[in-house]
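Asker: Got protein_6.cif for you, mmCIF, C-alpha atoms:
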data_model
loop_
_atom_site.label_atom_id
_atom_site.label_comp_id
_atom_site.auth_asym_id
_atom_site.auth_seq_id
_atom_site.Cartn_x
_atom_site.Cartn_y
_atom_site.Cartn_z
CA MET A 1 147.06 26.44 135.52
CA ARG A 2 147.21 26.88 139.31
CA ALA A 3 148.43 24.38 141.87
CA GLN A 4 149.09 23.84 145.53
CA LEU A 5 151.71 21.70 147.21
CA GLY A 6 150.79 18.03 147.19
CA ASP A 7 148.69 18.26 144.01
CA GLN A 8 149.13 15.72 141.23
CA LEU A 9 150.41 16.82 137.84
CA VAL A 10 149.22 14.57 135.02
CA VAL A 11 150.65 14.68 131.51
CA GLU A 12 148.42 13.03 128.89
CA SER A 13 149.10 11.75 125.43
CA THR A 14 147.84 14.24 122.84
CA THR A 15 146.71 11.41 120.57
CA THR A 16 145.13 8.84 122.89
CA GLY A 17 144.26 10.95 125.93
CA THR A 18 145.86 8.38 128.23
CA THR A 19 148.27 9.30 131.00
CA ARG A 20 151.87 9.44 129.85
CA ARG A 21 153.37 10.56 133.13
CA ASP A 22 152.27 11.77 136.54
CA GLY A 23 153.92 13.13 139.63
CA GLU A 24 153.48 15.03 142.86
CA ILE A 25 154.02 18.79 143.04
CA VAL A 26 156.57 19.32 145.81
CA GLY A 27 157.62 22.92 145.13
CA LEU A 28 156.02 26.16 143.91
CA HIS A 29 158.04 29.03 142.47
CA HIS A 30 155.21 31.59 142.29
CA GLU A 31 152.94 32.59 145.14
CA ASP A 32 149.82 32.43 142.97
CA GLY A 33 150.37 28.75 142.24
CA THR A 34 151.20 29.22 138.55
CA PRO A 35 154.07 27.37 136.80
CA PRO A 36 156.84 26.40 137.04
CA TYR A 37 156.59 23.58 139.57
CA ASP A 38 159.01 21.19 141.19
CA VAL A 39 157.54 17.75 140.43
CA ARG A 40 158.55 14.39 141.88
CA TRP A 41 157.76 11.94 139.07
CA SER A 42 156.18 8.66 140.17
CA ASP A 43 158.08 6.62 137.59
CA THR A 44 161.58 7.79 138.53
CA ASP A 45 161.25 9.43 142.00
CA GLU A 46 163.29 12.33 140.56
CA VAL A 47 162.39 15.97 141.23
CA THR A 48 162.53 18.21 138.16
CA LEU A 49 161.49 21.74 137.30
CA VAL A 50 158.43 21.59 135.04
CA PHE A 51 156.72 24.18 132.85
CA PRO A 52 153.47 22.30 132.08
CA GLY A 53 152.25 22.47 128.51
CA PRO A 54 148.75 22.05 127.03
CA ASP A 55 148.95 18.28 127.51
CA ALA A 56 149.22 18.60 131.31
CA HIS A 57 146.65 19.32 134.00
CA VAL A 58 146.57 19.53 137.77
CA HIS A 59 144.49 17.32 140.06
CA HIS A 60 143.90 19.27 143.25
CA ILE A 61 144.03 17.00 146.29
CA GLU A 62 141.21 17.74 148.73
CA HIS A 63 141.55 16.27 152.22
CA ARG A 64 138.53 14.49 153.65
CA PRO A 65 137.79 14.86 157.38
CA GLY A 66 138.88 11.28 157.95
CA GLY A 67 142.33 11.97 156.52
CA GLY A 68 141.83 10.40 153.05
CA ARG A 69 142.38 12.17 149.76
CA GLU A 70 140.29 12.66 146.70
CA PRO A 71 141.17 14.39 143.41
CA SER A 72 139.19 17.43 142.40
CA ARG A 73 139.42 19.80 139.45
CA SER A 74 138.06 22.75 141.41
CA PRO A 75 140.65 25.47 141.93
CA ALA A 76 142.36 25.62 145.29
CA PRO A 77 144.56 28.36 146.74
CA PRO A 78 148.30 27.79 147.03
CA VAL A 79 149.67 26.93 150.44
CA HIS A 80 151.65 29.70 152.10
CA GLU A 81 152.78 30.29 155.64
CA PRO A 82 151.56 33.62 157.00
CA ARG A 83 152.75 34.03 160.54
CA THR A 84 151.14 35.59 163.56
CA GLY A 85 152.88 37.96 165.90
CA THR A 86 153.88 35.02 168.08
CA GLY A 87 155.60 33.27 165.19
CA ALA A 88 152.99 30.50 165.00
CA PRO A 89 152.24 29.35 161.44
CA GLU A 90 148.70 29.62 160.15
CA THR A 91 146.81 28.02 157.32
CA PRO A 92 145.59 30.15 154.37
CA SER A 93 142.17 30.47 156.07
CA GLY A 94 143.78 32.02 159.14
CA MET A 95 143.14 28.98 161.30
CA PRO A 96 145.96 27.35 163.31
CA PRO A 97 147.79 24.44 161.66
CA ASN A 98 146.01 21.10 161.79
CA PRO A 99 148.70 18.52 161.04
CA GLY A 100 148.02 14.86 160.42
CA ASP A 101 149.84 12.10 162.26
CA ILE A 102 152.57 11.82 159.62
CA GLY A 103 153.24 15.55 159.77
CA ARG A 104 153.46 15.50 163.56
CA ARG A 105 155.94 12.63 163.48
CA VAL A 106 158.04 14.34 160.81
CA ALA A 107 158.13 17.58 162.83
CA ALA A 108 159.03 15.72 166.03
CA GLU A 109 161.89 13.79 164.37
CA ARG A 110 163.19 16.96 162.72
CA LEU A 111 163.20 18.87 166.01
CA ARG A 112 164.93 15.98 167.81
CA MET A 113 167.73 16.20 165.27
CA GLY A 114 167.96 19.96 165.70
CA LEU A 115 167.24 20.62 162.01
CA THR A 116 165.47 23.62 160.53
CA ARG A 117 162.86 22.97 157.86
CA GLU A 118 165.28 24.24 155.24
CA GLU A 119 168.00 21.83 156.38
CA ALA A 120 165.64 18.84 156.57
CA ALA A 121 164.09 19.67 153.19
CA ARG A 122 167.52 19.92 151.57
CA ARG A 123 168.49 16.51 152.98
CA ALA A 124 165.19 15.02 151.75
CA GLY A 125 165.43 16.59 148.30
CA MET A 126 162.21 18.59 148.56
CA ALA A 127 161.18 22.22 148.77
CA PRO A 128 160.99 23.73 152.28
CA GLU A 129 157.46 24.90 151.44
CA TYR A 130 156.41 21.32 150.80
CA LEU A 131 157.91 20.15 154.09
CA ALA A 132 155.99 22.94 155.85
CA TYR A 133 152.84 21.73 154.10
CA LEU A 134 153.44 18.15 155.28
CA GLU A 135 154.06 19.27 158.87
CA GLU A 136 151.05 21.58 159.08
CA GLN A 137 148.34 19.89 157.00
CA PRO A 138 146.76 16.39 157.06
CA ALA A 139 148.78 15.43 154.00
CA ASP A 140 149.19 12.07 152.28
CA PRO A 141 152.74 12.14 150.85
CA THR A 142 154.00 9.68 148.28
CA LYS A 143 156.18 6.75 149.25
CA ALA A 144 159.13 8.44 147.56
CA SER A 145 158.65 11.55 149.71
CA LEU A 146 158.50 9.43 152.86
CA ILE A 147 161.64 7.51 151.88
CA GLY A 148 163.50 10.79 151.40
CA LEU A 149 162.27 12.15 154.74
CA ALA A 150 163.06 8.93 156.60
CA ASP A 151 166.60 8.98 155.25
CA ALA A 152 167.03 12.66 156.06
CA LEU A 153 165.72 12.23 159.61
CA ASP A 154 167.58 8.96 160.34
CA THR A 155 164.36 7.00 160.88
CA THR A 156 162.17 4.63 158.86
CA VAL A 157 159.12 5.00 156.66
CA ALA A 158 157.27 2.61 158.98
CA ALA A 159 158.04 4.85 161.96
CA LEU A 160 156.80 7.96 160.14
CA ARG A 161 153.60 6.12 159.24
CA GLY A 162 153.04 5.12 162.85
CA ALA A 163 154.12 1.49 162.88
CA GLY A 164 153.61 -0.26 166.18
CA VAL A 165 150.18 1.20 166.94
CA ASP A 166 149.35 -2.00 168.86
CA ALA A 167 152.37 -1.58 171.12
CA PRO A 168 151.96 0.04 174.54
CA PRO A 169 152.09 3.85 174.27
CA GLY A 170 155.23 5.65 175.31
CA GLN A 171 157.84 3.56 173.50
CA GLY A 172 159.13 6.61 171.64
CA GLN A 173 161.88 8.90 172.81
CA ALA A 174 161.33 11.16 175.82
CA LEU A 175 161.71 14.91 175.44
CA PRO A 176 165.32 16.08 175.90
CA HIS A 177 164.27 18.28 178.85
CA PRO A 178 160.77 17.32 180.02
CA ARG A 179 158.87 19.11 182.77
CA LEU A 180 155.87 17.94 184.79
CA VAL A 181 153.20 20.60 185.19
CA THR A 182 150.43 20.30 187.77
CA LEU A 183 146.97 20.86 186.30
CA ASP A 184 144.33 22.86 188.10
CA PRO A 185 140.80 21.42 188.62
CA ASP A 186 139.34 23.29 185.64
CA GLU A 187 142.05 21.92 183.32
CA CYS A 188 141.42 18.41 184.68
CA ARG A 189 137.69 18.66 184.02
CA ALA A 190 138.35 19.98 180.50
CA LEU A 191 140.59 16.99 179.75
CA LEU A 192 138.01 14.55 181.11
CA SER A 193 135.68 16.17 178.57
CA THR A 194 132.18 14.71 178.20
CA HIS A 195 133.05 11.05 177.61
CA GLY A 196 135.80 8.64 176.63
CA VAL A 197 137.60 5.54 177.90
CA GLY A 198 139.15 5.59 181.36
CA ARG A 199 140.33 3.10 183.97
CA VAL A 200 138.72 2.37 187.31
CA ALA A 201 140.85 0.87 190.10
CA VAL A 202 138.96 -1.43 192.49
CA SER A 203 139.58 -4.01 195.19
CA SER A 204 137.95 -7.16 193.87
CA ALA A 205 137.63 -10.69 195.26
CA GLY A 206 140.72 -11.63 193.29
CA GLY A 207 142.76 -8.70 194.58
CA PRO A 208 143.44 -5.19 193.22
CA ALA A 209 142.30 -4.66 189.64
CA VAL A 210 142.31 -1.87 187.08
CA VAL A 211 139.67 -2.12 184.36
CA PRO A 212 139.05 0.11 181.30
CA VAL A 213 135.47 1.37 180.91
CA ASN A 214 133.54 3.70 178.63
CA TYR A 215 132.55 6.68 180.75
CA GLU A 216 130.25 9.69 180.61
CA VAL A 217 130.62 12.97 182.47
CA VAL A 218 127.31 14.48 183.60
CA GLY A 219 127.71 17.62 185.66
CA ASP A 220 130.22 16.78 188.38
CA THR A 221 129.66 13.03 188.15
CA ILE A 222 131.57 10.33 186.24
CA ALA A 223 129.36 7.38 185.22
CA PHE A 224 129.95 4.08 183.45
CA ARG A 225 127.93 1.00 182.55
CA THR A 226 128.79 -2.50 183.69
CA ALA A 227 127.23 -5.85 184.69
CA PRO A 228 126.36 -6.67 188.34
CA GLU A 229 128.86 -9.53 188.60
CA SER A 230 131.69 -7.84 186.75
CA VAL A 231 134.96 -6.56 188.22
CA PRO A 232 134.03 -2.85 187.79
CA ALA A 233 130.87 -3.52 189.84
CA ALA A 234 133.15 -4.11 192.84
CA ALA A 235 133.65 -0.34 192.93
CA VAL A 236 130.16 0.16 194.37
CA GLY A 237 130.11 1.30 197.98
CA SER A 238 133.82 2.04 198.27
CA GLU A 239 136.25 4.82 197.50
CA VAL A 240 137.83 4.21 194.11
CA ALA A 241 140.29 5.86 191.78
CA PHE A 242 139.31 6.70 188.20
CA GLU A 243 142.08 7.62 185.75
CA VAL A 244 142.17 9.01 182.23
CA ASP A 245 145.33 9.77 180.29
CA HIS A 246 146.68 10.52 176.87
CA VAL A 247 150.14 9.98 175.37
CA ASP A 248 151.12 12.01 172.31
CA GLU A 249 153.74 9.62 170.92
CA ALA A 250 154.71 11.89 168.04
CA MET A 251 155.47 14.89 170.25
CA SER A 252 156.66 12.96 173.35
CA ARG A 253 154.08 14.68 175.51
CA GLY A 254 151.18 13.48 177.59
CA TRP A 255 148.81 14.13 180.46
CA SER A 256 146.92 12.19 183.10
CA VAL A 257 143.93 13.02 185.32
CA LEU A 258 143.02 11.12 188.47
CA ALA A 259 139.59 11.39 190.14
CA VAL A 260 138.95 9.87 193.56
CA GLY A 261 135.50 9.38 195.05
CA THR A 262 132.93 6.91 196.35
CA ALA A 263 131.08 4.83 193.75
CA ARG A 264 127.34 4.16 193.92
CA VAL A 265 124.74 2.34 191.85
CA VAL A 266 122.37 4.62 189.97
CA THR A 267 118.87 3.42 190.86
CA ASP A 268 116.65 6.42 190.20
CA PRO A 269 114.70 5.65 186.98
CA ASP A 270 114.84 9.24 185.73
CA GLU A 271 118.59 9.44 186.30
CA VAL A 272 119.12 6.11 184.54
CA ARG A 273 117.01 7.28 181.61
CA ARG A 274 119.02 10.50 181.29
CA LEU A 275 122.27 8.54 181.31
CA VAL A 276 121.03 6.09 178.67
CA GLU A 277 119.68 8.84 176.42
CA GLY A 278 122.81 10.96 176.75
CA ALA A 279 125.36 8.16 176.34
CA HIS A 280 127.77 8.80 173.48
CA SER A 281 128.50 5.11 172.90
CA THR A 282 127.50 1.64 173.97
CA PRO A 283 130.21 -0.19 175.97
CA TRP A 284 133.01 -1.23 173.64
CA ALA A 285 133.30 -4.58 175.41
CA GLY A 286 129.79 -5.51 174.28
CA GLY A 287 127.41 -7.76 176.13
CA VAL A 288 124.61 -6.79 178.49
CA ARG A 289 125.80 -3.93 180.68
CA GLU A 290 122.81 -2.08 182.08
CA MET A 291 124.05 -1.30 185.58
CA TRP A 292 125.14 2.34 185.86
CA VAL A 293 127.84 3.19 188.40
CA ALA A 294 128.41 6.84 189.32
CA ILE A 295 131.46 8.41 190.96
CA ARG A 296 131.25 11.94 192.37
CA PRO A 297 134.91 12.91 192.82
CA THR A 298 136.02 14.45 196.08
CA ARG A 299 139.49 15.02 194.66
CA VAL A 300 140.65 15.62 191.09
CA THR A 301 144.32 16.00 190.23
CA GLY A 302 146.36 15.92 187.05
CA ARG A 303 149.75 16.46 185.50
CA ARG A 304 151.04 17.19 182.02
CA ILE A 305 154.44 16.56 180.41
CA VAL A 306 155.73 19.58 178.46
CA PRO A 307 159.13 20.79 177.20
CA ALA A 308 161.12 22.53 179.93
CA GLU A 309 161.21 25.78 177.93
CA GLN A 310 157.41 25.94 177.66
#
What would you get if you wrote out this structure as structure tokens?
Answerer:
Amino acid sequence: MRAQLGDQLVVESTTTGTTRRDGEIVGLHHEDGTPPYDVRWSDTDEVTLVFPGPDAHVHHIEHRPGGGREPSRSPAPPVHEPRTGTGAPETPSGMPPNPGDIGRRVAAERLRMGLTREEAARRAGMAPEYLAYLEEQPADPTKASLIGLADALDTTVAALRGAGVDAPPGQGQALPHPRLVTLDPDECRALLSTHGVGRVAVSSAGGPAVVPVNYEVVGDTIAFRTAPESVPAAAVGSEVAFEVDHVDEAMSRGWSVLAVGTARVVTDPDEVRRLVEGAHSTPWAGGVREMWVAIRPTRVTGRRIVPAEQ
């Protein structure tokens, strides 16, 4: 019987085949994933050392791309933490860690408190290896595990799960020693990527306005769809500012890119066709928006918030 952290251990009745008890494996004592295990039982929330017998089996938890979980009986390798020469943890496949949102929030809260993984794990009543697994993989911990972590990190389960997603970004704590770094043009273009949602600032009949739009990047041009009588259409023929940003609430970091240039209506049929065929999404606002507006930036600037020691 082999296991990895986060798997489910199920103990069945030898007579009826029904589940007698189940729990989450939160600690491994052997590198090859063989017993014994530390198991947090779902019926008591207690962690005990278990040597599974013939009436027990492991459900390996495979992580879907969307972040969900599904049980599987196929064997999976145990989770370890090989380290590169720079001290950065890696996954068993050699790829860099790919934490989920919960793991990022747990790591951020732990670092804010100045705790090592061992210290935080001891406070939460779990194995340090399991805490490393939560911080580095898109895990789906049990409610009991989250309660223990929230108590250990002086926060709440709701906060670790990302409560307040409808609130304006940036309501979390700032970094203890933040630093603003100026981005070069290549970094700015990389952050703009090929498409997304940005904001265009215009002078409309009702005064200054900033409107979010779905945008595409084609070559050195930013383009978005709108309606002729809409507020974004007021950008045509004037110099406008187009801004894209991102706030990483869990890590208290962020960046912003500002592009300035003159907006024009795209009238060439071939150019319109290329924009329509290459568009990654229809406008989120819905409705008929067939007028393409293009901005060729004459100036692109950006800044990023990072820890002072970085």
Asker: What is the atom CA of A:Glu46-atom CA of A:Thr156 distance in Å, reported with one decimal?
Answerer: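 These two atoms are separated by 19.9 Å.
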Asker: Kindly indicate which residue among A:Ser252, A:Gln173, A:Thr116, A:Ser203 lies nearest to A:Val240, using only C-alpha atoms for the distances.
Answerer: A:Ser203
Asker: Run the PyMOL selection byres ((chain A and resi 57) around 8) against the file shown and list the residues it catches, as a ChimeraX atom specification.
Answerer: /A:1,9-11,52,54-56,58-59
Asker: Using all atoms listed in the file, which residue out of A:Val260, A:Ala241, A:Ile147, A:Cys188 lies closest to A:Gly302?
Answerer: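 Closest residue, counting all atoms listed in the file: A:Cys188.
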Asker: What box, with edges along x, y and z, holds each listed atom of stretch 28-44 of chain A when 6 Å is added on every side, and can you state its centre and edge lengths in Å to one decimal, as JSON?
Answerer:
{"center_x": 155.7, "center_y": 19.6, "center_z": 141.0, "size_x": 23.8, "size_y": 38.0, "size_z": 20.3}
Asker: Apply the PyMOL selection byres ((chain A and resi 151) around 12) to the file shown and report the selected residues as a PyMOL selection string.
Answerer: chain A and resi 106+109-110+120-125+144-150+152-160
Asker: Considering all atoms listed in the file, can you say which of A:Asp43, A:Glu309, A:Asp268, A:Glu243 comes closest to A:His177?
Answerer: A:Glu309
Asker: Step by step, work through what the PyMOL selection byres ((chain A and resi 185) around 9) selects in the shown file, and finish by giving those residues as a list in words.
Answerer: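 Applied to this file, the PyMOL selection byres ((chain A and resi 185) around 9) returns Leu183, Asp184, Asp186, Glu187, Cys188, Arg189, Ala190, Arg299, Val300, Thr301 and Gly302 of chain A.
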Asker: Determine, counting only C-alpha atoms, which protein, DNA and RNA residues have an atom within 7 Å of an atom of stretch 272-286 of chain A; residues of the same chain fewer than 5 positions away are not included. Present the result as a VMD selection string.
Answerer: chain A and resid 214 216 266 to 267
Asker: Counting all atoms listed in the file, which of A:Asp45, A:Gly114, A:Val231, A:Asp248 gets nearest to A:Gly207?
Answerer: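 Closest to A:Gly207, using all atoms listed in the file: A:Val231.
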Asker: Find the residue from A:Ala205, A:Val265, A:Ala107, A:Val247 that sits nearest to A:Ile222; use all atoms listed in the file when measuring.
Answerer: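 Once distances to A:Ile222 are computed over all atoms listed in the file, the minimum belongs to A:Val265.
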Asker: Record the distance separating atom CA of A:Lys143 and atom CA of A:Asp101, expressed in Å with one decimal.
Answerer: 15.4 Å
Asker: Between atom CA of A:Gly23 and atom CA of A:Glu135, measure the distance and give it in Å to one decimal.
Answerer: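 Result for atom CA of A:Gly23 versus atom CA of A:Glu135: 20.2 Å, one decimal.
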Asker: Skip A:Tyr37 itself and residues of its chain fewer than 4 positions away, then list as an mmCIF file with C-alpha atoms, keeping the file's coordinate frame all residues within 12 Å of it, counting all atoms listed in the file.
Answerer:
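Okay, this is what ended up in part-v9.cif:
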data_model
loop_
_atom_site.group_PDB
_atom_site.id
_atom_site.type_symbol
_atom_site.label_atom_id
_atom_site.label_comp_id
_atom_site.auth_asym_id
_atom_site.auth_seq_id
_atom_site.Cartn_x
_atom_site.Cartn_y
_atom_site.Cartn_z
ATOM 1 C CA MET A 1 147.060 26.440 135.520
ATOM 2 C CA ARG A 2 147.210 26.880 139.310
ATOM 3 C CA ALA A 3 148.430 24.380 141.870
ATOM 4 C CA GLN A 4 149.090 23.840 145.530
ATOM 5 C CA LEU A 5 151.710 21.700 147.210
ATOM 6 C CA GLY A 6 150.790 18.030 147.190
ATOM 7 C CA ASP A 7 148.690 18.260 144.010
ATOM 8 C CA GLN A 8 149.130 15.720 141.230
ATOM 9 C CA LEU A 9 150.410 16.820 137.840
ATOM 10 C CA GLY A 23 153.920 13.130 139.630
ATOM 11 C CA GLU A 24 153.480 15.030 142.860
ATOM 12 C CA ILE A 25 154.020 18.790 143.040
ATOM 13 C CA VAL A 26 156.570 19.320 145.810
ATOM 14 C CA GLY A 27 157.620 22.920 145.130
ATOM 15 C CA LEU A 28 156.020 26.160 143.910
ATOM 16 C CA HIS A 29 158.040 29.030 142.470
ATOM 17 C CA HIS A 30 155.210 31.590 142.290
ATOM 18 C CA GLU A 31 152.940 32.590 145.140
ATOM 19 C CA ASP A 32 149.820 32.430 142.970
ATOM 20 C CA GLY A 33 150.370 28.750 142.240
ATOM 21 C CA TRP A 41 157.760 11.940 139.070
ATOM 22 C CA VAL A 47 162.390 15.970 141.230
ATOM 23 C CA THR A 48 162.530 18.210 138.160
ATOM 24 C CA LEU A 49 161.490 21.740 137.300
ATOM 25 C CA VAL A 50 158.430 21.590 135.040
ATOM 26 C CA PHE A 51 156.720 24.180 132.850
ATOM 27 C CA PRO A 52 153.470 22.300 132.080
ATOM 28 C CA GLY A 53 152.250 22.470 128.510
ATOM 29 C CA VAL A 58 146.570 19.530 137.770
ATOM 30 C CA PRO A 78 148.300 27.790 147.030
ATOM 31 C CA MET A 126 162.210 18.590 148.560
ATOM 32 C CA ALA A 127 161.180 22.220 148.770
ATOM 33 C CA GLU A 129 157.460 24.900 151.440
ATOM 34 C CA TYR A 130 156.410 21.320 150.800
#
Asker: Need to verify the contact set: A:Ser204, 12 Å, all atoms listed in the file, exclusion of same-chain residues closer than 3 positions in sequence. Can you return it as a PyMOL selection string?
Answerer: chain A and resi 200-201+207-211+229-236+238+240
Asker: Take stretch 133-164 of chain A from the preceding structure and save N, CA and C atoms as a short mmCIF file (atom, residue, chain, number, x, y, z; two decimals), in the first residue's frame.
Answerer:
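result_15.cif, written as the output of this step:
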data_model
loop_
_atom_site.label_atom_id
_atom_site.label_comp_id
_atom_site.auth_asym_id
_atom_site.auth_seq_id
_atom_site.Cartn_x
_atom_site.Cartn_y
_atom_site.Cartn_z
N TYR A 133 3.30 20.32 1.12
CA TYR A 133 2.43 19.87 0.03
C TYR A 133 1.31 20.88 -0.20
N LEU A 134 0.69 21.37 0.86
CA LEU A 134 -0.39 22.34 0.71
C LEU A 134 0.11 23.63 0.08
N GLU A 135 1.32 24.07 0.45
CA GLU A 135 1.84 25.34 -0.04
C GLU A 135 2.34 25.26 -1.48
N GLU A 136 2.66 24.06 -1.94
CA GLU A 136 3.31 23.94 -3.25
C GLU A 136 2.46 23.25 -4.30
N GLN A 137 1.33 22.66 -3.91
CA GLN A 137 0.49 21.95 -4.86
C GLN A 137 -0.94 22.50 -4.81
N PRO A 138 -1.71 22.37 -5.89
CA PRO A 138 -3.11 22.82 -5.86
C PRO A 138 -3.97 21.86 -5.04
N ALA A 139 -3.77 21.89 -3.74
CA ALA A 139 -4.40 20.93 -2.84
C ALA A 139 -5.81 21.36 -2.45
N ASP A 140 -6.56 20.42 -1.90
CA ASP A 140 -7.92 20.66 -1.42
C ASP A 140 -8.03 20.11 -0.01
N PRO A 141 -7.47 20.81 0.98
CA PRO A 141 -7.42 20.28 2.34
C PRO A 141 -8.79 20.17 2.98
N THR A 142 -8.88 19.32 3.99
CA THR A 142 -10.14 19.15 4.71
C THR A 142 -10.42 20.39 5.55
N LYS A 143 -11.66 20.50 5.98
CA LYS A 143 -12.04 21.62 6.84
C LYS A 143 -11.25 21.59 8.14
N ALA A 144 -11.02 20.39 8.66
CA ALA A 144 -10.26 20.28 9.91
C ALA A 144 -8.84 20.80 9.73
N SER A 145 -8.22 20.49 8.59
CA SER A 145 -6.87 20.99 8.33
C SER A 145 -6.86 22.51 8.24
N LEU A 146 -7.88 23.08 7.58
CA LEU A 146 -7.95 24.53 7.46
C LEU A 146 -8.19 25.21 8.80
N ILE A 147 -9.01 24.58 9.65
CA ILE A 147 -9.25 25.14 10.98
C ILE A 147 -7.95 25.17 11.78
N GLY A 148 -7.18 24.08 11.71
CA GLY A 148 -5.91 24.04 12.41
C GLY A 148 -4.94 25.08 11.90
N LEU A 149 -4.88 25.25 10.59
CA LEU A 149 -3.98 26.25 9.99
C LEU A 149 -4.42 27.67 10.35
N ALA A 150 -5.73 27.93 10.26
CA ALA A 150 -6.23 29.27 10.58
C ALA A 150 -5.90 29.64 12.02
N ASP A 151 -6.05 28.69 12.92
CA ASP A 151 -5.72 28.95 14.32
C ASP A 151 -4.22 29.18 14.51
N ALA A 152 -3.42 28.38 13.81
CA ALA A 152 -1.97 28.50 13.94
C ALA A 152 -1.45 29.81 13.36
N LEU A 153 -2.12 30.31 12.32
CA LEU A 153 -1.66 31.51 11.63
C LEU A 153 -2.43 32.76 12.03
N ASP A 154 -3.26 32.64 13.06
CA ASP A 154 -4.02 33.79 13.58
C ASP A 154 -4.86 34.44 12.49
N THR A 155 -5.56 33.61 11.71
CA THR A 155 -6.45 34.13 10.67
C THR A 155 -7.73 33.30 10.70
N THR A 156 -8.50 33.31 9.65
CA THR A 156 -9.76 32.57 9.61
C THR A 156 -9.78 31.62 8.43
N VAL A 157 -10.63 30.60 8.54
CA VAL A 157 -10.80 29.67 7.43
C VAL A 157 -11.31 30.41 6.20
N ALA A 158 -12.24 31.34 6.41
CA ALA A 158 -12.78 32.10 5.28
C ALA A 158 -11.68 32.87 4.56
N ALA A 159 -10.75 33.45 5.33
CA ALA A 159 -9.66 34.21 4.71
C ALA A 159 -8.75 33.29 3.91
N LEU A 160 -8.46 32.10 4.44
CA LEU A 160 -7.61 31.16 3.71
C LEU A 160 -8.28 30.67 2.44
N ARG A 161 -9.60 30.60 2.47
CA ARG A 161 -10.34 30.16 1.27
C ARG A 161 -10.57 31.28 0.27
N GLY A 162 -10.21 32.51 0.66
CA GLY A 162 -10.35 33.61 -0.29
C GLY A 162 -11.65 34.36 -0.16
N ALA A 163 -12.21 34.45 1.04
CA ALA A 163 -13.45 35.20 1.22
C ALA A 163 -13.25 36.65 0.81
N GLY A 164 -14.31 37.24 0.33
CA GLY A 164 -14.23 38.63 -0.08
C GLY A 164 -13.74 38.83 -1.49
#
